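Student: Following this line is target14.txt, made up of compact mmCIF, C-alpha atoms and all ligand atoms:
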```txt
# COMPACT_ATOMS: atom_id res chain seq x y z
CA MET A 1 145.00 74.17 54.25
CA ALA A 2 146.44 73.65 50.78
CA ALA A 3 149.79 72.48 52.20
CA MET A 4 148.13 69.92 54.49
CA CYS A 5 145.86 68.76 51.66
CA ASP A 6 149.06 68.14 49.67
CA GLY A 7 150.30 65.98 52.53
CA ARG A 8 153.00 68.42 53.66
CA GLN A 9 153.96 68.81 57.32
CA VAL A 10 153.35 72.36 58.51
CA LEU A 11 154.38 74.85 61.16
CA VAL A 12 151.76 77.60 61.20
CA CYS A 13 151.76 80.88 63.05
CA ALA A 14 148.70 83.10 62.54
CA PRO A 15 147.06 85.74 64.75
CA THR A 16 144.62 84.87 67.53
CA GLY A 17 141.04 84.47 66.35
CA SER A 18 142.04 84.09 62.70
CA GLY A 19 140.48 80.63 62.29
CA LYS A 20 143.37 78.19 62.77
CA THR A 21 141.03 75.49 64.12
CA ALA A 22 139.16 75.24 60.83
CA ALA A 23 142.48 75.56 58.99
CA PHE A 24 143.64 72.20 60.39
CA LEU A 25 140.30 70.44 60.81
CA ILE A 26 139.12 70.92 57.22
CA PRO A 27 142.19 69.30 55.58
CA LEU A 28 142.18 66.53 58.20
CA ILE A 29 138.54 65.71 57.56
CA ALA A 30 139.03 65.96 53.79
CA ASN A 31 142.13 63.75 53.81
CA LEU A 32 141.09 61.02 56.20
CA GLY A 33 139.24 59.07 53.56
CA VAL A 34 137.74 55.70 54.27
CA GLY A 35 139.85 53.50 56.43
CA LYS A 36 140.01 51.47 59.53
CA GLY A 37 141.56 52.66 62.71
CA LEU A 38 142.33 55.95 64.32
CA ARG A 39 143.94 58.12 61.65
CA ALA A 40 144.22 61.58 63.16
CA LEU A 41 145.06 62.90 66.59
CA VAL A 42 144.66 66.51 67.72
CA LEU A 43 146.38 67.59 70.94
CA CYS A 44 145.34 70.68 72.90
CA PRO A 45 146.76 72.08 76.17
CA SER A 46 143.46 72.29 78.09
CA ARG A 47 140.27 70.26 78.36
CA GLU A 48 138.23 73.37 77.60
CA LEU A 49 140.08 73.87 74.34
CA ALA A 50 139.84 70.17 73.48
CA LYS A 51 136.07 70.34 73.99
CA GLN A 52 135.76 73.43 71.81
CA THR A 53 137.83 71.83 69.05
CA TYR A 54 135.71 68.69 69.27
CA ARG A 55 132.52 70.75 68.90
CA GLU A 56 133.96 72.50 65.84
CA CYS A 57 135.01 69.12 64.43
CA ILE A 58 131.50 67.69 64.83
CA ARG A 59 130.15 70.71 62.93
CA LEU A 60 132.70 70.55 60.14
CA SER A 61 132.54 66.79 59.66
CA ALA A 62 128.75 66.57 59.56
CA GLY A 63 127.69 64.41 56.62
CA THR A 64 131.23 63.27 55.77
CA GLY A 65 131.13 59.98 57.63
CA VAL A 66 134.23 60.93 59.64
CA ARG A 67 133.81 59.85 63.28
CA PRO A 68 135.47 62.24 65.73
CA HIS A 69 135.87 61.51 69.42
CA ILE A 70 137.10 63.38 72.48
CA ILE A 71 138.98 61.89 75.41
CA SER A 72 136.98 63.13 78.36
CA LYS A 73 136.54 61.82 81.87
CA VAL A 74 132.99 60.80 81.02
CA SER A 75 134.04 58.86 77.93
CA MET A 76 136.84 57.17 79.89
CA SER A 77 134.44 55.92 82.54
CA ASP A 78 131.70 55.23 80.01
CA ASN A 79 133.45 52.14 78.67
CA LYS A 80 133.80 53.90 75.34
CA PHE A 81 137.38 52.71 75.44
CA GLY A 82 137.82 48.98 75.06
CA PRO A 83 139.48 46.41 72.78
CA LYS A 84 137.88 47.79 69.63
CA PHE A 85 138.06 51.47 70.56
CA SER A 86 140.47 52.48 67.79
CA LEU A 87 138.18 50.95 65.17
CA LYS A 88 135.18 53.00 66.31
CA PHE A 89 136.64 56.44 65.65
CA ASP A 90 138.70 58.15 62.95
CA LEU A 91 139.82 61.33 64.67
CA LEU A 92 140.69 61.73 68.33
CA ILE A 93 140.96 65.02 70.22
CA GLY A 94 142.37 65.39 73.73
CA THR A 95 144.98 66.70 76.11
CA PRO A 96 148.41 65.01 76.36
CA ASN A 97 147.98 63.73 79.94
CA ARG A 98 144.71 61.92 79.27
CA LEU A 99 146.11 60.42 76.10
CA ILE A 100 149.14 59.11 77.97
CA TYR A 101 146.91 57.69 80.66
CA LEU A 102 145.06 55.70 78.00
CA LEU A 103 148.26 54.65 76.24
CA LYS A 104 149.50 53.19 79.52
CA ARG A 105 146.27 51.31 80.22
CA GLU A 106 146.41 47.99 78.44
CA ASP A 107 142.64 47.60 78.34
CA SER A 108 142.02 51.02 76.74
CA GLY A 109 142.23 49.66 73.20
CA LEU A 110 143.99 52.83 72.08
CA ASP A 111 146.13 51.94 69.10
CA LEU A 112 148.07 54.60 67.20
CA SER A 113 149.45 52.25 64.54
CA SER A 114 147.05 53.54 61.84
CA LEU A 115 147.74 57.20 62.67
CA LYS A 116 148.43 59.43 59.65
CA TRP A 117 148.25 62.92 61.18
CA LEU A 118 149.25 64.39 64.51
CA VAL A 119 148.11 68.00 64.99
CA ILE A 120 149.56 69.99 67.86
CA ASP A 121 147.46 73.04 68.59
CA GLU A 122 149.06 75.78 70.71
CA SER A 123 152.32 74.08 69.78
CA ASP A 124 154.64 76.43 71.67
CA LYS A 125 152.67 75.73 74.87
CA LEU A 126 152.88 71.98 74.36
CA PHE A 127 156.61 72.20 73.73
CA GLU A 128 157.30 73.89 77.07
CA SER A 129 159.62 71.86 79.26
CA GLY A 130 159.83 71.72 83.06
CA VAL A 131 157.53 70.42 85.76
CA LYS A 132 154.50 72.36 84.54
CA GLY A 133 155.33 71.94 80.85
CA PHE A 134 153.93 69.39 78.43
CA GLY A 135 157.29 68.70 76.73
CA ASP A 136 157.88 65.27 78.31
CA GLN A 137 154.32 64.14 77.65
CA LEU A 138 154.60 65.19 74.02
CA GLN A 139 157.79 63.17 73.73
CA GLN A 140 156.02 60.05 75.05
CA ILE A 141 153.24 60.52 72.50
CA TYR A 142 155.78 60.85 69.67
CA GLU A 143 157.37 57.62 70.77
CA ALA A 144 154.00 55.88 70.51
CA CYS A 145 153.60 57.04 66.87
CA ASP A 146 155.43 55.76 63.82
CA PRO A 147 157.60 58.74 62.73
CA ALA A 148 157.97 57.34 59.21
CA VAL A 149 154.23 57.48 58.60
CA VAL A 150 152.75 60.13 60.90
CA LYS A 151 152.72 63.66 59.52
CA ARG A 152 152.79 66.53 61.91
CA ALA A 153 151.08 69.92 61.83
CA LEU A 154 151.86 72.53 64.47
CA PHE A 155 149.69 75.59 65.01
CA SER A 156 149.91 78.62 67.29
CA ALA A 157 149.42 82.38 67.34
CA THR A 158 152.94 82.74 68.68
CA TYR A 159 156.21 81.67 67.18
CA THR A 160 159.07 80.51 69.35
CA ILE A 161 162.58 79.70 68.23
CA ASP A 162 162.56 76.39 70.15
CA VAL A 163 159.60 75.03 68.18
CA ALA A 164 160.91 76.35 64.85
CA ARG A 165 164.32 74.78 65.47
CA TRP A 166 162.83 71.45 66.47
CA CYS A 167 160.62 71.38 63.36
CA LYS A 168 163.53 72.23 61.11
CA HIS A 169 165.59 69.35 62.46
CA ASN A 170 162.87 66.75 62.78
CA LEU A 171 160.22 67.32 60.13
CA LYS A 172 160.95 66.43 56.53
CA ASP A 173 159.37 68.45 53.75
CA LEU A 174 158.21 71.09 56.20
CA VAL A 175 156.25 74.18 55.12
CA THR A 176 156.43 77.13 57.52
CA ILE A 177 153.51 79.51 57.19
CA ILE A 178 153.49 82.82 59.02
CA VAL A 179 150.48 85.07 58.65
CA GLY A 180 151.25 88.74 59.37
CA GLN A 181 154.09 89.75 61.65
CA ARG A 182 155.45 87.17 64.06
CA ASN A 183 154.25 87.50 67.64
CA THR A 184 151.92 90.45 67.27
CA THR A 185 148.41 90.94 68.57
CA ALA A 186 145.25 90.78 66.47
CA ASP A 187 144.74 94.09 64.61
CA GLN A 188 141.23 94.68 65.90
CA VAL A 189 142.15 94.92 69.57
CA GLU A 190 142.45 98.41 71.05
CA GLN A 191 145.03 98.15 73.81
CA GLU A 192 145.71 100.32 76.83
CA LEU A 193 148.09 100.16 79.78
CA VAL A 194 146.76 101.60 83.06
CA PHE A 195 149.06 102.49 85.95
CA VAL A 196 147.20 101.66 89.16
CA GLY A 197 149.87 102.31 91.79
CA ASN A 198 149.46 99.23 93.94
CA GLU A 199 147.24 96.20 94.57
CA ASN A 200 144.52 98.27 96.14
CA GLY A 201 144.65 100.56 93.11
CA LYS A 202 143.70 97.59 90.93
CA LEU A 203 140.48 97.04 92.85
CA ILE A 204 139.68 100.75 92.73
CA ALA A 205 140.40 100.89 88.98
CA PHE A 206 138.25 97.83 88.31
CA ARG A 207 135.36 99.20 90.38
CA GLU A 208 135.63 102.51 88.50
CA LEU A 209 135.35 100.59 85.25
CA VAL A 210 132.19 98.92 86.50
CA GLN A 211 130.76 102.24 87.66
CA LYS A 212 131.39 103.82 84.28
CA GLY A 213 129.59 100.86 82.72
CA LEU A 214 131.03 97.62 81.42
CA THR A 215 129.70 96.03 78.27
CA PRO A 216 129.65 92.29 78.89
CA PRO A 217 130.99 89.74 78.32
CA VAL A 218 134.27 90.61 80.02
CA LEU A 219 137.23 88.35 80.80
CA VAL A 220 139.51 89.25 83.71
CA PHE A 221 142.90 87.55 83.93
CA VAL A 222 144.84 87.05 87.16
CA GLN A 223 148.12 85.21 87.63
CA SER A 224 147.07 82.32 89.90
CA LYS A 225 144.09 80.32 91.08
CA GLU A 226 144.55 81.72 94.59
CA ARG A 227 144.25 85.25 93.24
CA ALA A 228 141.28 84.25 91.10
CA LYS A 229 139.47 83.04 94.22
CA GLU A 230 140.40 86.22 96.12
CA LEU A 231 139.18 88.53 93.38
CA PHE A 232 135.97 86.56 93.08
CA ASP A 233 135.41 86.89 96.86
CA GLU A 234 135.76 90.66 96.44
CA LEU A 235 133.60 91.18 93.37
CA ILE A 236 130.80 88.83 94.35
CA TYR A 237 129.55 91.51 96.78
CA ASP A 238 129.65 94.23 94.12
CA ASN A 239 126.43 93.21 92.42
CA ILE A 240 128.30 92.18 89.31
CA ASN A 241 127.22 89.01 87.58
CA VAL A 242 130.59 87.37 88.10
CA ASP A 243 132.05 83.87 88.24
CA VAL A 244 135.47 82.31 88.33
CA ILE A 245 137.24 79.46 86.54
CA HIS A 246 140.52 77.83 87.50
CA ALA A 247 142.13 74.42 87.65
CA ASP A 248 141.01 73.73 91.24
CA ARG A 249 137.33 73.70 90.29
CA PRO A 250 135.87 70.29 89.42
CA GLN A 251 135.47 69.62 85.71
CA LEU A 252 131.67 69.74 85.86
CA GLN A 253 131.72 73.18 87.47
CA ARG A 254 134.28 74.34 84.89
CA ASP A 255 132.06 73.12 82.06
CA ASN A 256 129.01 74.81 83.58
CA VAL A 257 130.84 78.12 83.98
CA VAL A 258 132.07 78.03 80.38
CA GLN A 259 128.56 77.21 79.18
CA ALA A 260 126.97 79.98 81.29
CA PHE A 261 129.52 82.52 80.03
CA ARG A 262 128.87 81.47 76.43
CA GLU A 263 125.13 81.89 76.99
CA GLY A 264 125.57 85.36 78.50
CA LYS A 265 124.42 84.27 81.96
CA ILE A 266 127.77 85.36 83.43
CA TRP A 267 128.96 88.83 82.50
CA VAL A 268 132.39 88.96 84.09
CA LEU A 269 134.53 85.84 84.17
CA ILE A 270 137.65 85.81 86.32
CA CYS A 271 140.19 83.35 85.00
CA THR A 272 143.80 82.24 84.98
CA GLU A 273 146.11 81.26 82.10
CA LEU A 274 143.88 78.19 81.78
CA MET A 275 141.60 80.28 79.57
CA GLY A 276 144.40 82.29 78.01
CA ARG A 277 144.87 80.12 74.96
CA GLY A 278 142.62 79.09 72.15
CA ILE A 279 139.29 79.62 73.88
CA ASP A 280 136.79 81.22 71.52
CA PHE A 281 134.03 83.07 73.35
CA LYS A 282 131.98 84.91 70.79
CA GLY A 283 131.84 88.65 71.25
CA VAL A 284 134.07 89.19 74.30
CA ARG A 285 134.13 93.00 74.37
CA LEU A 286 136.84 93.53 76.92
CA VAL A 287 139.81 91.68 78.37
CA VAL A 288 141.22 93.06 81.61
CA ASN A 289 144.69 91.96 82.60
CA TYR A 290 144.16 92.51 86.31
CA ASP A 291 147.59 90.99 86.89
CA PHE A 292 150.27 91.86 84.38
CA PRO A 293 151.08 88.88 82.15
CA ASN A 294 154.50 87.42 82.79
CA SER A 295 155.53 87.35 79.14
CA ALA A 296 154.73 88.96 75.81
CA ILE A 297 153.56 85.54 74.59
CA SER A 298 151.06 85.28 77.42
CA TYR A 299 149.90 88.86 76.70
CA ILE A 300 149.27 88.08 73.03
CA HIS A 301 147.18 85.00 73.84
CA ARG A 302 145.23 86.59 76.70
CA ILE A 303 144.16 89.69 74.80
CA GLY A 304 143.46 87.49 71.78
CA ARG A 305 140.28 86.35 73.58
CA THR A 306 138.75 89.55 72.22
CA GLY A 307 138.89 90.97 68.69
CA ARG A 308 138.23 87.54 67.15
CA ALA A 309 137.14 86.76 63.61
CA GLY A 310 137.36 90.43 62.60
CA ARG A 311 135.24 91.73 65.50
CA PRO A 312 136.46 94.75 67.49
CA GLY A 313 137.72 94.36 71.04
CA LYS A 314 139.49 96.16 73.84
CA ALA A 315 142.21 95.11 76.27
CA LEU A 316 143.13 96.96 79.47
CA THR A 317 146.29 95.97 81.31
CA PHE A 318 146.82 97.15 84.89
CA PHE A 319 150.37 97.61 86.04
CA THR A 320 152.23 98.62 89.18
CA GLU A 321 155.87 99.31 90.01
CA ASP A 322 156.28 95.53 90.53
CA ASP A 323 155.71 94.93 86.82
CA ARG A 324 158.57 97.15 85.64
CA ASP A 325 160.65 94.19 84.36
CA SER A 326 157.95 92.98 81.95
CA LEU A 327 156.70 96.41 80.91
CA ARG A 328 159.26 96.90 78.18
CA SER A 329 158.52 93.71 76.23
CA ILE A 330 154.76 94.11 76.40
CA SER A 331 154.82 97.79 75.46
CA ALA A 332 156.99 96.78 72.48
CA VAL A 333 154.32 94.29 71.37
CA MET A 334 151.70 97.04 71.72
CA LYS A 335 153.79 99.48 69.71
CA GLU A 336 154.28 96.84 67.00
CA SER A 337 150.49 96.51 66.81
CA GLY A 338 150.13 100.26 66.28
CA CYS A 339 148.92 101.16 69.80
CA PRO A 340 150.20 104.36 71.43
CA VAL A 341 152.82 103.64 74.10
CA PRO A 342 154.82 106.19 76.11
CA ASP A 343 158.43 106.39 74.95
CA TYR A 344 159.86 105.87 78.42
CA MET A 345 158.40 102.34 78.52
CA LEU A 346 160.18 101.34 75.35
CA LYS A 347 163.41 102.78 76.71
CA LEU A 348 163.29 100.89 80.01
CA LYS A 349 166.39 98.81 80.56
CA LYS A 350 166.23 95.10 79.87
CA PRO A 351 166.08 93.26 83.19
CA LYS A 352 169.34 91.53 84.07
CA SER A 353 169.05 87.84 83.31
CA ASN A 354 169.80 86.93 86.94
CA SER A 355 167.40 89.49 88.40
CA ARG A 356 164.34 87.74 87.05
CA LYS A 357 164.02 84.27 85.62
CA ARG A 358 162.12 83.85 82.36
CA ASN A 359 158.34 83.76 82.90
CA GLN A 360 158.78 83.99 86.65
CA VAL A 361 155.59 84.83 88.48
CA ILE A 362 155.73 87.95 90.65
CA GLU A 363 154.83 87.67 94.31
CA ARG A 364 152.00 90.09 94.92
CA GLU A 365 150.14 91.42 97.91
CA GLN A 366 146.76 89.81 98.54
CA ILE A 367 143.86 91.23 96.56
CA SER A 368 141.21 90.90 99.16
CA THR A 369 140.57 93.81 101.45
CA GLN A 370 138.64 91.41 103.73
CA LEU A 371 141.68 89.16 104.08
CA LYS A 372 143.92 92.16 104.61
CA LYS A 373 141.61 93.41 107.37
CA LYS A 374 141.53 89.97 108.99
CA ARG A 375 145.32 89.71 108.93
CA LYS A 376 145.71 93.23 110.33
CA TRP A 377 143.22 92.46 113.07
CA LYS A 378 145.03 89.21 113.96
CA LYS A 379 148.39 91.00 114.04
CA GLU A 380 147.05 93.82 116.23
CA ASN A 381 145.38 91.32 118.56
CA LYS A 382 148.57 89.29 118.82
CA THR A 383 150.59 92.38 119.83
CA GLN A 384 147.91 93.37 122.31
CA ASN A 385 147.85 89.87 123.85
CA GLU A 386 151.64 89.83 124.08
CA PHE A 387 151.53 93.24 125.80
CA VAL A 388 148.91 91.96 128.32
CA LYS A 389 150.97 88.81 128.94
CA THR A 390 154.24 90.69 129.54
CA THR A 391 152.62 93.30 131.82
CA ALA A 392 150.85 90.53 133.74
CA THR A 393 154.08 88.57 134.32
CA ALA A 394 155.88 91.77 135.25
N1 LIG A 401 136.29 81.58 57.39
C1 LIG A 401 135.73 82.07 58.48
N2 LIG A 401 134.84 83.06 58.41
C2 LIG A 401 134.27 83.59 59.50
N3 LIG A 401 134.55 83.16 60.75
C3 LIG A 401 135.42 82.19 60.87
C4 LIG A 401 136.07 81.58 59.76
N4 LIG A 401 136.92 80.64 60.21
C5 LIG A 401 136.79 80.66 61.55
N5 LIG A 401 135.89 81.56 61.95
C6 LIG A 401 135.50 81.87 63.33
O1 LIG A 401 136.55 82.63 63.89
C7 LIG A 401 136.61 82.38 65.31
C8 LIG A 401 138.04 82.13 65.72
O2 LIG A 401 138.50 80.91 65.19
P1 LIG A 401 139.55 79.98 65.96
O3 LIG A 401 139.08 79.69 67.33
O4 LIG A 401 139.84 78.86 65.05
O5 LIG A 401 140.79 80.97 66.04
P2 LIG A 401 142.32 80.64 66.28
O6 LIG A 401 143.08 81.21 65.14
O7 LIG A 401 142.49 79.20 66.57
O8 LIG A 401 142.62 81.51 67.58
P3 LIG A 401 143.60 81.23 68.82
O9 LIG A 401 144.99 81.53 68.35
O10 LIG A 401 143.12 82.19 69.85
O11 LIG A 401 143.42 79.81 69.20
C9 LIG A 401 135.69 81.21 65.57
O12 LIG A 401 134.51 81.69 66.18
C10 LIG A 401 135.40 80.64 64.21
O13 LIG A 401 134.12 80.06 64.14
```
Show the structure stored in the file as structure tokens.
Ligand SMILES: Nc1ncnc2c1ncn2[C@@H]1O[C@H](COP(=O)(O)OP(=O)(O)OP(=O)(O)O)[C@@H](O)[C@H]1O
Tutor:
Amino acid sequence: MAAMCDGRQVLVCAPTGSGKTAAFLIPLIANLGVGKGLRALVLCPSRELAKQTYRECIRLSAGTGVRPHIISKVSMSDNKFGPKFSLKFDLLIGTPNRLIYLLKREDSGLDLSSLKWLVIDESDKLFESGVKGFGDQLQQIYEACDPAVVKRALFSATYTIDVARWCKHNLKDLVTIIVGQRNTTADQVEQELVFVGNENGKLIAFRELVQKGLTPPVLVFVQSKERAKELFDELIYDNINVDVIHADRPQLQRDNVVQAFREGKIWVLICTELMGRGIDFKGVRLVVNYDFPNSAISYIHRIGRTGRAGRPGKALTFFTEDDRDSLRSISAVMKESGCPVPDYMLKLKKPKSNSRKRNQVIEREQISTQLKKKRKWKKENKTQNEFVKTTATA
């Protein structure tokens, strides 16, 4: 906070749940002063996180006169944007794609010429390149800002060499702040790896957990929206108060699910990486990695949804033989955080670079026993029909 208040550009890495949102919002609000035009922009990788940051900003700026705004679908269709839009607000929060959409629309009134601060939350995520990455979008936003005037502040719980290198080469007068050890989990999270044998073993292990008694709220991470839907279809019949959130659900449903989970109306929330970063649900007691995370970075963020703001939390990570390649790096993170890890895991060989691409998602068997049964039935019926056909023609 002190560095930003002094007008220095910063690269900050601090553990999950340690209060980074307030650490950038407070200096922004304090430094904006009186002025005309949009003077600060905060970028987040998901709409859920943007909304949460906006809520925090409203709270922190109360009584200061600072006017925050969020780019949401509603505000875009509400005619909030127009020729004088940039004069109505001081601080704008949003995701890169919506911002670019507005920058491209001539009638949006979005003008970044008065911008003083650009904050990139979850910076390593927003720097990711490739089709699914935000890297290109971030580049377009930079080009719309005046680099001589706009100061940048990058925040994340994880530190990647790519971001650090970029900052070193591009940001003058940079202060790098690292709280604790780089790329470790929050201290308060008790972590455990559970070998479950195979896909079916995951369902059995999860049901055992429920039988023993879960203390809600619980977050369950899977690797894709398809798997999130499948797991939901399984658990919905188990008399668990469960719901699911993923990118295929309409925004209104996503908002309602988040709200219901916050209010304790949903006890178990199945989710994808969408909820892996930044989301602050108060008092999540347990995070279950139903599917093994595909990188140590993803592991750190996912389990960081519990053990926030000094509260205790627990993280269980299921693994099968398929997860062997990632086991070593994640067990090393656990060991670094002081959790007991069997020696053999730490001694596993590094996967050959050509055997598995970085962050590659593992192909897994379907979760759903119903689907499996259906497929088996179809296959058996097909063979039977073929047998009838061939004997009939013979
Ligand atoms: N000084 C403080 N004292 C007590 N609680 C705080 C303080 N600052 C922030 N918090 C609370 O801590 C929680 C976590 O804060 P925040 O969401 O900013 O974490 P974060 O560091 O951004 O985590 P992540 O890396 O997961 O995004 C929030 O509920 C927030 O209200």
Student: Would you mind listing what lies within 12 Å of A:Phe261 as a list in words, with all atoms listed in the file counted and same-chain residues fewer than 3 positions away left out?
Tutor: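 My reading of the contact set: Pro216, Pro217, Val218, Leu219, Asn241, Val242, Asp243, Val244, Ile245, Arg254, Asp255, Asn256, Val257, Val258, Gly264, Lys265, Ile266, Trp267, Val268, Leu269, Ile270, Cys271, Ile279, Asp280, Phe281, Lys282, Gly283 and Val284 of chain A.
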Student: Residues up to 7 Å from ligand LIG 401 (chain A), counting only C-alpha atoms and all ligand atoms: could you list those as a PyMOL selection string?
Tutor: chain A and resi 14-22+156-157+277-280+282+301+304-305+308-309
Student: Nearest to A:Val222: which of A:Val175, A:Cys5, A:Ala332, A:Val287 is it, counting only C-alpha atoms?
Tutor: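 Closest to A:Val222, using only C-alpha atoms: A:Val287.
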Student: Within 12 Å of A:Gly63, counting only C-alpha atoms, which residues show up once you throw out same-chain ones fewer than 5 positions away? Write them as a list in words, please.
Tutor: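 Returned residues: Ile29, Ala30, Cys57 and Ile58 of chain A.
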Student: Excluding stretch 136-140 of chain A and any residue of its chain fewer than 4 positions from it, enumerate the residues within 9 Å of it, using only C-alpha atoms, and give them as a ChimeraX atom specification.
Tutor: /A:96-97,100,126-130,144
Student: Nearest residue to A:Val149 out of A:Ala315, A:Leu193, A:Ala40, A:Val34, using only C-alpha atoms?
Tutor: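 Going through A:Ala315, A:Leu193, A:Ala40, A:Val34 one by one, the smallest distance to A:Val149 is for A:Ala40.
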Student: Would you mind listing what lies within 6 Å of A:Pro68 as a list in words, with all atoms listed in the file counted and same-chain residues fewer than 4 positions away left out?
Tutor: Phe89, Asp90, Leu91 and Leu92 of chain A
Student: In Å to one decimal, how far is atom CA of A:Gly35 from atom CA of A:Leu99?
Tutor: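 These two atoms are separated by 21.8 Å.
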Student: Could you check the closest approach to A:Pro312 for each of A:Ile300, A:Ala23, A:Val333, A:Ala186 and tell me which residue wins, using all atoms listed in the file?
Tutor: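 Between A:Ile300, A:Ala23, A:Val333, A:Ala186, the residue approaching A:Pro312 most closely is A:Ala186.
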Student: Find the distance between atom CA of A:Cys339 and atom CA of A:Glu365 and write it in Å to one decimal.
Tutor: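 Value for the atom CA of A:Cys339-atom CA of A:Glu365 distance: 29.8 Å.
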Student: Could you tell me how far atom CA of A:Glu56 lies from atom CA of A:Leu110, in Å and to one decimal?
Tutor: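 So the answer is 22.9 Å.
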Student: Select, from A:Val220, A:Leu103, A:Val196, A:Ile141, the residue with the minimum atom-to-atom distance to A:Thr306, counting all atoms listed in the file.
Tutor: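 Using all atoms listed in the file, A:Thr306 sits closest to A:Val220.
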Student: Can you find the residues with an atom no farther than 10 Å from (151.9, 98.8, 69.2), counting only C-alpha atoms, and report them as a list of chain:residue names?
Tutor: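 All residues meeting the 10 Å criterion around (151.9, 98.8, 69.2) are A:Thr184, A:Thr185, A:Asp187, A:Glu190, A:Gln191, A:Glu192, A:Ile330, A:Ser331, A:Ala332, A:Val333, A:Met334, A:Lys335, A:Glu336, A:Ser337, A:Gly338, A:Cys339, A:Pro340, A:Val341.
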Student: Check the smallest atom-to-atom distance from each of A:Leu171, A:Ile161, A:Ala153, A:Ala3 to A:Leu43 using all atoms listed in the file, then report the winner.
Tutor: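 With all atoms listed in the file as the atom set, the closest residue is A:Ala153.
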Student: Tell me, as a compact mmCIF listing (two decimals) with C-alpha atoms, keeping the file's coordinate frame, which residues lie within 12 Å of A:Gly33, counting all atoms listed in the file; anything in the same chain fewer than 5 positions away does not count.
Tutor:
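Writing done, so here's out_38.txt:
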```
# COMPACT_ATOMS: atom_id res chain seq x y z
CA CYS A 5 145.86 68.76 51.66
CA PRO A 27 142.19 69.30 55.58
CA LEU A 28 142.18 66.53 58.20
CA LEU A 38 142.33 55.95 64.32
CA ARG A 39 143.94 58.12 61.65
CA ALA A 40 144.22 61.58 63.16
CA SER A 61 132.54 66.79 59.66
CA THR A 64 131.23 63.27 55.77
CA GLY A 65 131.13 59.98 57.63
CA VAL A 66 134.23 60.93 59.64
CA ARG A 67 133.81 59.85 63.28
CA ASP A 90 138.70 58.15 62.95
CA LEU A 91 139.82 61.33 64.67
CA LYS A 116 148.43 59.43 59.65
```
